[in-house]
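Text of final_16.txt, listed as compact mmCIF, C-alpha atoms:
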```txt
# COMPACT_ATOMS: atom_id res chain seq x y z
CA MET A 3 2.61 111.32 298.15
CA LYS A 4 3.85 110.30 294.71
CA ILE A 5 5.68 113.09 292.90
CA ALA A 6 6.54 113.23 289.21
CA ILE A 7 9.38 115.56 288.22
CA LEU A 8 9.55 116.27 284.51
CA GLY A 9 13.18 116.85 283.55
CA ALA A 10 16.41 115.79 285.26
CA GLY A 11 18.36 118.99 284.84
CA VAL A 12 19.76 121.04 287.70
CA SER A 13 16.29 122.14 288.84
CA GLY A 14 14.67 118.71 288.85
CA LEU A 15 17.69 117.01 290.40
CA SER A 16 18.07 119.67 293.11
CA LEU A 17 14.42 119.38 294.02
CA ALA A 18 14.61 115.60 294.24
CA ARG A 19 17.73 115.68 296.43
CA MET A 20 16.23 118.24 298.78
CA LEU A 21 12.96 116.34 299.07
CA CYS A 22 14.87 113.20 300.03
CA ALA A 23 17.02 115.15 302.49
CA GLY A 24 13.81 116.45 304.04
CA GLY A 25 12.47 112.97 304.68
CA LEU A 26 10.49 112.07 301.56
CA ALA A 27 11.01 108.46 300.54
CA LEU A 28 13.02 108.02 297.37
CA ALA A 29 10.42 105.53 296.16
CA ASP A 30 7.85 108.35 296.09
CA LEU A 31 9.83 110.23 293.42
CA THR A 32 10.01 109.63 289.69
CA LEU A 33 12.04 111.81 287.33
CA PHE A 34 11.28 111.66 283.61
CA GLU A 35 14.21 112.64 281.38
CA ALA A 36 14.11 112.61 277.58
CA ALA A 37 17.89 112.56 277.16
CA ALA A 38 20.12 109.54 277.67
CA VAL A 39 21.95 111.31 280.51
CA PRO A 40 20.79 113.71 283.24
CA GLY A 41 22.04 117.27 283.51
CA GLY A 42 19.93 119.34 281.13
CA LEU A 43 21.53 122.71 280.41
CA CYS A 44 24.46 121.75 282.67
CA ARG A 45 25.57 118.78 280.57
CA SER A 46 29.17 118.47 279.42
CA LYS A 47 30.84 116.37 276.74
CA THR A 48 34.29 114.79 276.47
CA VAL A 49 35.88 114.07 273.10
CA ASP A 50 39.40 112.61 272.83
CA GLY A 51 40.32 113.96 276.25
CA PHE A 52 38.84 117.44 275.72
CA THR A 53 35.81 118.39 277.87
CA TYR A 54 33.38 121.26 277.29
CA ASP A 55 29.93 122.43 278.41
CA VAL A 56 27.44 121.89 275.63
CA SER A 57 25.17 124.88 276.33
CA GLY A 58 28.00 127.42 276.75
CA GLY A 59 30.65 128.11 279.35
CA HIS A 60 29.38 127.80 282.93
CA ILE A 61 30.97 128.94 286.16
CA LEU A 62 29.99 128.25 289.76
CA PHE A 63 29.36 131.36 291.79
CA SER A 64 26.52 132.41 294.07
CA LYS A 65 25.76 135.21 296.46
CA ASP A 66 24.02 132.50 298.50
CA ARG A 67 27.06 130.87 300.09
CA ALA A 68 25.06 127.95 301.45
CA VAL A 69 23.77 127.09 298.00
CA MET A 70 27.22 127.38 296.45
CA GLN A 71 28.66 125.06 299.08
CA TRP A 72 25.76 122.64 298.60
CA MET A 73 26.46 122.51 294.86
CA LYS A 74 30.16 121.91 295.49
CA ASP A 75 29.35 119.15 297.93
CA GLN A 76 27.31 117.33 295.28
CA ALA A 77 30.46 116.89 293.20
CA GLY A 78 32.84 115.93 295.99
CA GLY A 79 33.37 119.09 298.01
CA ASP A 80 35.98 121.82 297.88
CA ALA A 81 38.83 119.53 296.80
CA ALA A 82 36.93 118.59 293.64
CA PHE A 83 36.90 122.20 292.43
CA VAL A 84 39.39 124.65 291.01
CA GLN A 85 39.14 128.28 292.05
CA ARG A 86 39.83 130.79 289.30
CA GLU A 87 40.09 134.56 289.11
CA ARG A 88 37.91 136.01 286.38
CA HIS A 89 39.94 137.59 283.59
CA THR A 90 37.70 138.72 280.75
CA LYS A 91 38.30 141.04 277.82
CA ILE A 92 36.54 142.48 274.80
CA ARG A 93 38.25 142.11 271.44
CA PHE A 94 38.00 145.53 269.81
CA GLY A 95 39.75 145.39 266.43
CA ASN A 96 43.29 144.34 267.28
CA ARG A 97 43.03 145.47 270.91
CA PHE A 98 41.96 143.86 274.14
CA VAL A 99 39.59 146.12 276.07
CA HIS A 100 38.99 145.65 279.78
CA TYR A 101 35.58 144.27 280.75
CA PRO A 102 33.03 145.67 281.48
CA PHE A 103 33.37 148.03 278.54
CA GLU A 104 32.70 151.26 280.46
CA ASN A 105 35.59 150.33 282.79
CA GLY A 106 37.91 149.84 279.83
CA LEU A 107 37.52 153.07 277.85
CA GLY A 108 41.21 153.82 278.28
CA ASP A 109 42.05 150.81 276.10
CA LEU A 110 40.17 152.20 273.08
CA PRO A 111 41.53 154.14 270.10
CA GLU A 112 41.45 157.88 270.80
CA LEU A 113 38.40 158.81 268.72
CA ALA A 114 36.32 155.90 270.03
CA LYS A 115 37.43 156.74 273.57
CA PHE A 116 36.24 160.33 273.17
CA GLU A 117 32.90 159.33 271.66
CA CYS A 118 32.21 156.76 274.38
CA LEU A 119 33.25 159.04 277.23
CA LYS A 120 31.29 161.99 275.85
CA GLY A 121 28.16 159.90 275.45
CA TYR A 122 28.49 158.36 278.91
CA VAL A 123 28.89 161.74 280.62
CA GLU A 124 25.96 163.19 278.66
CA ALA A 125 23.74 160.23 279.57
CA TRP A 126 24.77 160.40 283.24
CA HIS A 127 24.14 164.17 283.31
CA ALA A 128 20.70 163.79 281.73
CA ARG A 129 19.68 161.19 284.33
CA ASP A 130 21.13 163.23 287.19
CA LYS A 131 19.67 166.57 286.10
CA HIS A 132 16.27 165.51 284.85
CA GLY A 133 15.68 162.31 286.84
CA THR A 134 14.55 160.49 283.71
CA GLN A 135 13.10 157.01 284.05
CA ALA A 136 14.54 153.97 282.31
CA PRO A 137 12.96 153.48 278.87
CA GLY A 138 10.94 150.34 278.29
CA ASP A 139 12.76 149.12 275.18
CA PHE A 140 16.31 147.83 275.31
CA LYS A 141 17.72 149.94 272.48
CA SER A 142 16.60 153.18 274.14
CA TRP A 143 17.69 151.91 277.54
CA ILE A 144 21.25 151.39 276.28
CA ARG A 145 21.44 155.04 275.22
CA TRP A 146 19.76 156.25 278.43
CA ARG A 147 22.25 154.31 280.50
CA PHE A 148 25.52 154.37 278.49
CA GLY A 149 25.16 157.06 275.84
CA GLU A 150 25.47 156.99 272.08
CA GLY A 151 29.19 156.17 271.87
CA ILE A 152 29.15 152.99 273.95
CA ALA A 153 25.90 152.00 272.24
CA ARG A 154 27.43 152.25 268.78
CA HIS A 155 30.87 150.84 269.56
CA PHE A 156 29.87 147.92 271.80
CA MET A 157 26.37 147.48 273.21
CA ASP A 158 24.40 147.56 269.96
CA PRO A 159 26.53 145.17 267.89
CA TYR A 160 27.19 142.78 270.77
CA ASN A 161 23.54 142.47 271.77
CA GLU A 162 22.42 142.18 268.16
CA LYS A 163 24.74 139.18 267.89
CA ILE A 164 23.29 137.50 270.95
CA TRP A 165 19.59 138.25 270.58
CA LYS A 166 19.28 138.11 266.78
CA ARG A 167 16.51 140.72 266.86
CA PRO A 168 16.19 144.49 266.54
CA LEU A 169 16.95 145.70 270.04
CA GLN A 170 13.86 147.90 270.20
CA GLU A 171 11.82 144.67 270.14
CA LEU A 172 13.31 143.70 273.50
CA SER A 173 12.16 144.91 276.90
CA SER A 174 14.70 146.60 279.14
CA SER A 175 13.34 144.73 282.17
CA TRP A 176 15.76 141.83 281.88
CA VAL A 177 18.79 144.03 282.65
CA ALA A 178 17.43 145.13 286.04
CA GLY A 179 19.83 143.81 288.64
CA ARG A 180 22.10 142.26 286.01
CA VAL A 181 24.03 145.31 284.83
CA PRO A 182 25.62 147.23 287.72
CA ASP A 183 25.82 151.00 287.29
CA ALA A 184 29.49 152.01 287.12
CA PRO A 185 30.18 155.13 289.22
CA ILE A 186 30.97 158.13 287.01
CA ASP A 187 34.32 158.52 288.80
CA ASP A 188 35.31 154.98 287.78
CA VAL A 189 34.46 155.63 284.14
CA LEU A 190 36.42 158.90 284.10
CA LYS A 191 39.41 157.24 285.74
CA ALA A 192 39.28 154.37 283.26
CA ALA A 193 39.21 156.76 280.33
CA ILE A 194 42.48 158.42 281.41
CA GLY A 195 44.20 155.12 282.09
CA VAL A 196 43.55 154.57 285.80
CA ARG A 197 42.37 150.95 285.99
CA THR A 198 38.98 150.40 287.63
CA GLU A 199 37.01 147.21 288.07
CA GLY A 200 33.38 146.28 287.59
CA TYR A 201 31.26 143.23 288.41
CA LEU A 202 33.42 142.43 291.44
CA HIS A 203 30.82 139.94 292.69
CA GLN A 204 32.17 137.45 290.13
CA ALA A 205 35.85 138.30 290.47
CA SER A 206 36.48 134.74 291.65
CA PHE A 207 34.61 131.60 290.64
CA PHE A 208 34.79 127.80 290.96
CA TYR A 209 34.72 125.01 288.41
CA PRO A 210 34.81 121.21 288.78
CA ARG A 211 38.32 119.82 288.49
CA ARG A 212 37.19 117.10 286.10
CA GLY A 213 34.08 116.14 284.17
CA GLY A 214 33.00 119.65 283.22
CA PHE A 215 30.09 121.45 284.86
CA GLN A 216 28.12 118.22 284.54
CA ALA A 217 30.15 116.88 287.46
CA ILE A 218 27.75 118.82 289.69
CA THR A 219 24.58 117.32 288.23
CA ASP A 220 26.22 113.88 288.02
CA GLY A 221 26.78 114.12 291.76
CA MET A 222 23.17 115.14 292.32
CA ALA A 223 21.93 112.25 290.18
CA ALA A 224 24.11 109.54 291.73
CA SER A 225 21.79 108.72 294.63
CA LEU A 226 18.68 109.21 292.49
CA SER A 227 19.61 106.93 289.60
CA ALA A 228 17.05 104.27 290.51
CA ARG A 229 14.27 106.86 290.15
CA ILE A 230 15.45 108.64 286.98
CA ARG A 231 13.91 107.27 283.82
CA LEU A 232 16.39 108.23 281.13
CA SER A 233 15.47 108.28 277.43
CA THR A 234 11.86 108.63 278.54
CA PRO A 235 10.25 111.72 277.04
CA VAL A 236 6.90 112.86 278.37
CA GLN A 237 4.33 112.03 275.72
CA ASP A 238 1.10 113.12 277.37
CA LEU A 239 -0.18 114.72 280.54
CA VAL A 240 -3.77 114.14 281.64
CA ARG A 241 -5.46 115.69 284.67
CA ALA A 242 -6.87 112.97 286.92
CA GLN A 243 -10.29 113.18 288.56
CA ASP A 244 -8.71 113.10 292.01
CA GLY A 245 -6.76 116.30 291.25
CA GLY A 246 -3.49 114.62 290.42
CA TRP A 247 -1.94 114.01 287.01
CA ARG A 248 -1.21 111.06 284.79
CA VAL A 249 2.22 111.14 283.16
CA ASN A 250 2.38 108.80 280.17
CA GLY A 251 -0.63 107.07 281.73
CA GLU A 252 0.88 106.70 285.23
CA PRO A 253 -0.87 108.42 288.17
CA PHE A 254 0.89 110.92 290.44
CA ASP A 255 -0.32 113.12 293.27
CA VAL A 256 2.03 116.02 292.48
CA LEU A 257 3.37 117.18 289.12
CA VAL A 258 6.51 119.32 288.91
CA SER A 259 7.49 120.45 285.42
CA THR A 260 10.88 121.81 284.44
CA LEU A 261 10.02 121.31 280.77
CA PRO A 262 9.97 124.47 278.64
CA LEU A 263 6.53 126.06 278.92
CA ASN A 264 6.57 126.22 275.11
CA GLU A 265 6.16 122.43 274.97
CA LEU A 266 3.33 121.90 277.44
CA PRO A 267 0.50 122.61 274.94
CA ASP A 268 1.58 119.62 272.84
CA LEU A 269 1.41 117.40 275.92
CA ILE A 270 -1.93 118.70 277.26
CA PRO A 271 -4.46 118.77 274.42
CA ALA A 272 -7.21 119.99 276.77
CA MET A 273 -5.36 123.22 277.53
CA PRO A 274 -7.40 126.35 276.65
CA ALA A 275 -6.43 127.82 273.28
CA GLY A 276 -5.46 131.21 274.70
CA VAL A 277 -3.13 129.70 277.28
CA ALA A 278 -1.61 127.40 274.68
CA ALA A 279 -0.96 130.37 272.39
CA ALA A 280 0.69 132.28 275.24
CA MET A 281 3.00 129.36 276.02
CA ARG A 282 3.92 128.73 272.40
CA GLY A 283 4.60 132.44 271.91
CA LEU A 284 7.25 132.67 274.63
CA ALA A 285 10.44 133.69 272.84
CA TYR A 286 13.80 132.02 273.28
CA ASN A 287 17.16 131.61 271.58
CA SER A 288 19.02 128.42 270.82
CA ILE A 289 22.79 127.99 270.76
CA VAL A 290 25.45 126.17 268.80
CA THR A 291 28.62 125.50 270.77
CA LEU A 292 31.90 124.55 269.12
CA LEU A 293 34.73 122.92 271.01
CA VAL A 294 37.99 123.83 269.28
CA ALA A 295 40.76 121.46 270.37
CA LEU A 296 44.12 123.18 270.00
CA ASP A 297 47.69 122.00 269.64
CA ARG A 298 48.81 124.84 271.89
CA PRO A 299 50.66 124.22 275.16
CA ALA A 300 49.15 127.12 277.12
CA HIS A 301 46.61 129.92 276.88
CA PRO A 302 47.02 133.50 278.08
CA ASP A 303 45.56 133.99 281.56
CA LEU A 304 42.04 134.68 280.31
CA SER A 305 38.61 133.31 281.20
CA TRP A 306 36.56 134.41 278.21
CA ILE A 307 36.55 137.01 275.43
CA TYR A 308 33.65 138.90 273.89
CA LEU A 309 33.58 139.46 270.12
CA PRO A 310 31.07 142.30 269.68
CA HIS A 311 31.49 143.25 266.04
CA HIS A 312 29.84 141.61 263.06
CA GLU A 313 33.07 141.59 261.07
CA GLN A 314 34.47 139.25 263.74
CA GLY A 315 32.11 136.54 262.55
CA PRO A 316 29.06 134.96 264.23
CA VAL A 317 30.73 134.03 267.56
CA ASN A 318 29.78 136.32 270.44
CA ARG A 319 31.89 134.70 273.17
CA VAL A 320 35.08 132.66 273.22
CA THR A 321 35.66 130.74 276.46
CA TYR A 322 39.23 129.70 277.23
CA MET A 323 37.79 126.36 278.30
CA SER A 324 40.98 124.57 279.27
CA ASN A 325 41.91 127.44 281.60
CA TYR A 326 39.01 126.50 283.86
CA SER A 327 40.71 123.28 284.95
CA PRO A 328 43.90 121.44 283.95
CA GLU A 329 41.77 118.28 283.55
CA LEU A 330 39.71 119.66 280.63
CA ALA A 331 42.36 119.02 277.96
CA PRO A 332 45.22 116.53 277.54
CA ALA A 333 48.66 117.57 278.77
CA GLY A 334 50.27 120.09 276.44
CA LYS A 335 46.96 120.90 274.70
CA THR A 336 44.33 123.61 275.17
CA SER A 337 40.79 124.35 274.00
CA PHE A 338 38.32 127.07 273.12
CA LEU A 339 34.55 127.00 273.42
CA LEU A 340 32.81 129.15 270.81
CA GLU A 341 29.19 130.24 271.24
CA VAL A 342 26.77 131.22 268.48
CA THR A 343 23.09 131.89 269.15
CA PHE A 344 20.19 131.60 266.73
CA PRO A 345 16.45 132.31 267.11
CA GLY A 346 14.44 129.58 268.78
CA GLY A 347 12.41 127.65 266.25
CA ALA A 348 14.66 128.64 263.34
CA PRO A 349 16.53 125.97 261.35
CA VAL A 350 19.79 124.87 262.95
CA PRO A 351 22.70 126.54 261.11
CA GLY A 352 24.56 124.22 258.78
CA ALA A 353 28.22 123.43 258.20
CA GLU A 354 28.93 126.95 256.93
CA LEU A 355 28.55 128.21 260.51
CA GLU A 356 31.68 126.36 261.61
CA ARG A 357 33.71 127.83 258.75
CA GLU A 358 32.48 131.35 259.48
CA ALA A 359 33.03 130.97 263.23
CA LEU A 360 36.61 129.75 262.88
CA ALA A 361 37.39 132.40 260.26
CA GLY A 362 36.09 135.12 262.58
CA VAL A 363 38.08 133.92 265.57
CA GLU A 364 41.19 133.57 263.43
CA GLY A 365 40.60 137.07 262.02
CA ALA A 366 40.42 138.35 265.59
CA ALA A 367 43.94 136.87 266.05
CA LEU A 368 42.82 134.51 268.82
CA LEU A 369 44.04 131.37 267.06
CA ARG A 370 45.94 130.15 264.02
CA LYS A 371 44.39 127.62 261.66
CA GLU A 372 47.34 125.26 261.96
CA GLU A 373 46.75 124.97 265.74
CA ILE A 374 43.33 123.34 265.29
CA LEU A 375 43.27 119.60 266.02
CA PHE A 376 39.53 119.11 265.57
CA VAL A 377 36.18 120.79 266.18
CA ASP A 378 33.21 119.23 267.97
CA ARG A 379 29.72 120.70 267.70
CA SER A 380 26.69 120.64 270.01
CA VAL A 381 23.27 122.26 269.73
CA CYS A 382 21.09 123.33 272.65
CA THR A 383 17.53 124.16 271.63
CA TYR A 384 16.57 126.14 274.73
CA ALA A 385 19.46 128.36 275.82
CA TYR A 386 18.36 131.96 276.45
CA ILE A 387 15.03 133.48 277.44
CA VAL A 388 14.26 136.42 275.16
CA TYR A 389 12.69 139.32 277.02
CA ASP A 390 10.49 140.70 274.30
CA HIS A 391 7.64 143.03 275.14
CA GLU A 392 5.12 140.19 275.30
CA LEU A 393 7.05 138.01 277.73
CA PHE A 394 5.42 139.07 280.99
CA ALA A 395 1.85 138.85 279.77
CA ARG A 396 2.44 135.47 278.15
CA ARG A 397 4.32 134.11 281.15
CA SER A 398 1.63 135.31 283.55
CA ALA A 399 -1.08 133.56 281.55
CA ALA A 400 0.99 130.39 281.42
CA LEU A 401 1.93 130.30 285.10
CA GLU A 402 -1.53 131.25 286.34
CA TRP A 403 -2.99 128.35 284.41
CA CYS A 404 -0.31 125.98 285.73
CA ALA A 405 -0.98 127.07 289.32
CA ALA A 406 -4.75 126.71 288.89
CA ASN A 407 -4.24 123.19 287.54
CA GLN A 408 -1.76 122.03 290.17
CA ILE A 409 1.35 122.04 287.96
CA GLN A 410 4.41 123.20 289.88
CA ALA A 411 6.50 125.11 287.31
CA LEU A 412 10.23 125.14 288.05
CA GLY A 413 13.50 126.03 286.31
CA ARG A 414 14.81 128.48 283.74
CA PHE A 415 12.39 127.46 281.00
CA GLY A 416 9.90 125.66 283.22
CA HIS A 417 9.14 128.97 284.96
CA TYR A 418 10.65 131.26 282.30
CA ASP A 419 13.04 133.08 284.61
CA TYR A 420 16.54 134.06 283.50
CA PHE A 421 18.08 131.88 286.22
CA ASN A 422 21.68 130.78 286.50
CA SER A 423 22.29 127.33 287.98
CA ASP A 424 22.53 128.57 291.56
CA GLN A 425 19.23 130.43 291.21
CA CYS A 426 17.64 127.21 289.95
CA VAL A 427 18.85 125.49 293.12
CA ILE A 428 17.47 128.31 295.28
CA ALA A 429 14.06 128.01 293.58
CA ALA A 430 14.15 124.22 294.04
CA ARG A 431 14.93 124.69 297.74
CA THR A 432 11.87 126.90 298.14
CA LEU A 433 9.58 124.46 296.34
CA ALA A 434 10.99 121.53 298.31
CA GLY A 435 10.02 123.30 301.54
CA THR A 436 6.48 123.80 300.28
CA LEU A 437 6.06 120.17 299.15
CA LEU A 438 7.57 118.77 302.35
CA GLU A 439 5.16 120.83 304.43
CA ARG A 440 2.29 119.49 302.31
CA ALA A 441 3.50 115.92 302.81
CA ARG A 442 3.74 116.36 306.58
CA SER A 443 0.27 117.87 306.81
CA GLY A 444 -1.20 114.93 304.95
```
Have the structure of the file written as structure tokens, please.
Amino acid sequence: MKIAILGAGVSGLSLARMLCAGGLALADLTLFEAAAVPGGLCRSKTVDGFTYDVSGGHILFSKDRAVMQWMKDQAGGDAAFVQRERHTKIRFGNRFVHYPFENGLGDLPELAKFECLKGYVEAWHARDKHGTQAPGDFKSWIRWRFGEGIARHFMDPYNEKIWKRPLQELSSSWVAGRVPDAPIDDVLKAAIGVRTEGYLHQASFFYPRRGGFQAITDGMAASLSARIRLSTPVQDLVRAQDGGWRVNGEPFDVLVSTLPLNELPDLIPAMPAGVAAAMRGLAYNSIVTLLVALDRPAHPDLSWIYLPHHEQGPVNRVTYMSNYSPELAPAGKTSFLLEVTFPGGAPVPGAELEREALAGVEGAALLRKEEILFVDRSVCTYAYIVYDHELFARRSAALEWCAANQIQALGRFGHYDYFNSDQCVIAARTLAGTLLERARSG
């Protein structure tokens, strides 16, 4: 059974490794990768001894312990990783506010603290008393869940920075399971200065000691290198009469696509117009990442910082990149990773973005201009799935057509699920089981 896997990111590589581990011959696999290196969204880059993740700061954590260990083993096992405690803050004016925001109300100026606490209690009371259901649009959901004060002081401006859209245009469905509900007692304690914690499931995380997050996908790819065709973009996909597919003219029995669904219509001219429109209409955001190499001997003990306010410039998150591992910067130096999103399909921001980003971070008192050694820039076209109100209908049309035409859709943008890397591995494990069973049954 010849299998074509389109894309050698974490999803495609995981699938290939698991198929081989399950007994499929390596010679029966072919991975097509447009880039010159494998890794996809997990790629990293090293410049003059400074390493960063090109699609934004990654961490390794999973509730599925077997999957997390499997990912660690790909890059050399436990000894090849650094374990870090998560220390994250929100920069609110000249203050650091504990994260998540509702657990840090005690760090706010007095008026903002009152407004946020009042709104949170009112929202909690309304849900408790009236049993109201979560609103369908994200802007209303924020107020239903957190109240007007937290919406105005943090949630609205921060999410406007990330999503680059009016928040009422977004569905609230994407936050289900991603935003834990802080107990009212914790929020009240936090407001009077009694420290409480949120998001404890990520209190500790792992990161490769050297090579950036790409060390994981490099490890996955090592035994597959003979079957990965790098710098080989998919140019056309044609359904064969025997039910298989031809990839760039080559026949395969099984087609697995981790390519963004948005791009399939250009590769399959025979696709029905309605399905093609649904795929092309799936919304996403792109990202510019800026490595800032610093002549600074040490950082504070921080993992990343959120910059929610528009006056802080275009950057929404600052990762203290060199804190993840001592191998990510030369001795005596440190680094930041700045993230700026922009709407998918929009022109890539020009050189002015770098000036505005650095000015904003400097204005937030996170660095001094004279510390900067150099800045390196990367652009990732597909970074975030945007959960607008049309997503589910468009995705259903796309995936139903793929299933009916024997295309196995996999990955964050291949299946249009807001998956982290571990969730991509879990989905690959499930698909590998299905394909191995098919191979055994003939």
- Task: Work out how far CA of Leu293 in chain A is from CA of Arg88 in chain A, in Å to one decimal.
- Result: 20.4 Å
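Going from CA of Phe344 in chain A to CA of Asp139 in chain A covers 20.8 Å.
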- Message: Neighbouring residues of Phe148 in chain A were defined as those with any atom within 7 Å, considering only C-alpha atoms; residues of the same chain fewer than 6 positions away were excluded. Please report them as a VMD selection string.
- Response: chain A and resid 121 to 122 125
- Task: Find the residues around Gly334 in chain A up to 9 Å (only C-alpha atoms counted), leave out those fewer than 5 positions away in its own chain, and share them as a PyMOL selection string.
- Result: chain A and resi 297-300
- Item | Residue among A:Pro253, A:Ser443, A:His391, A:Trp247 lying closest to Phe140 in chain A, counting all atoms listed in the file | A:His391
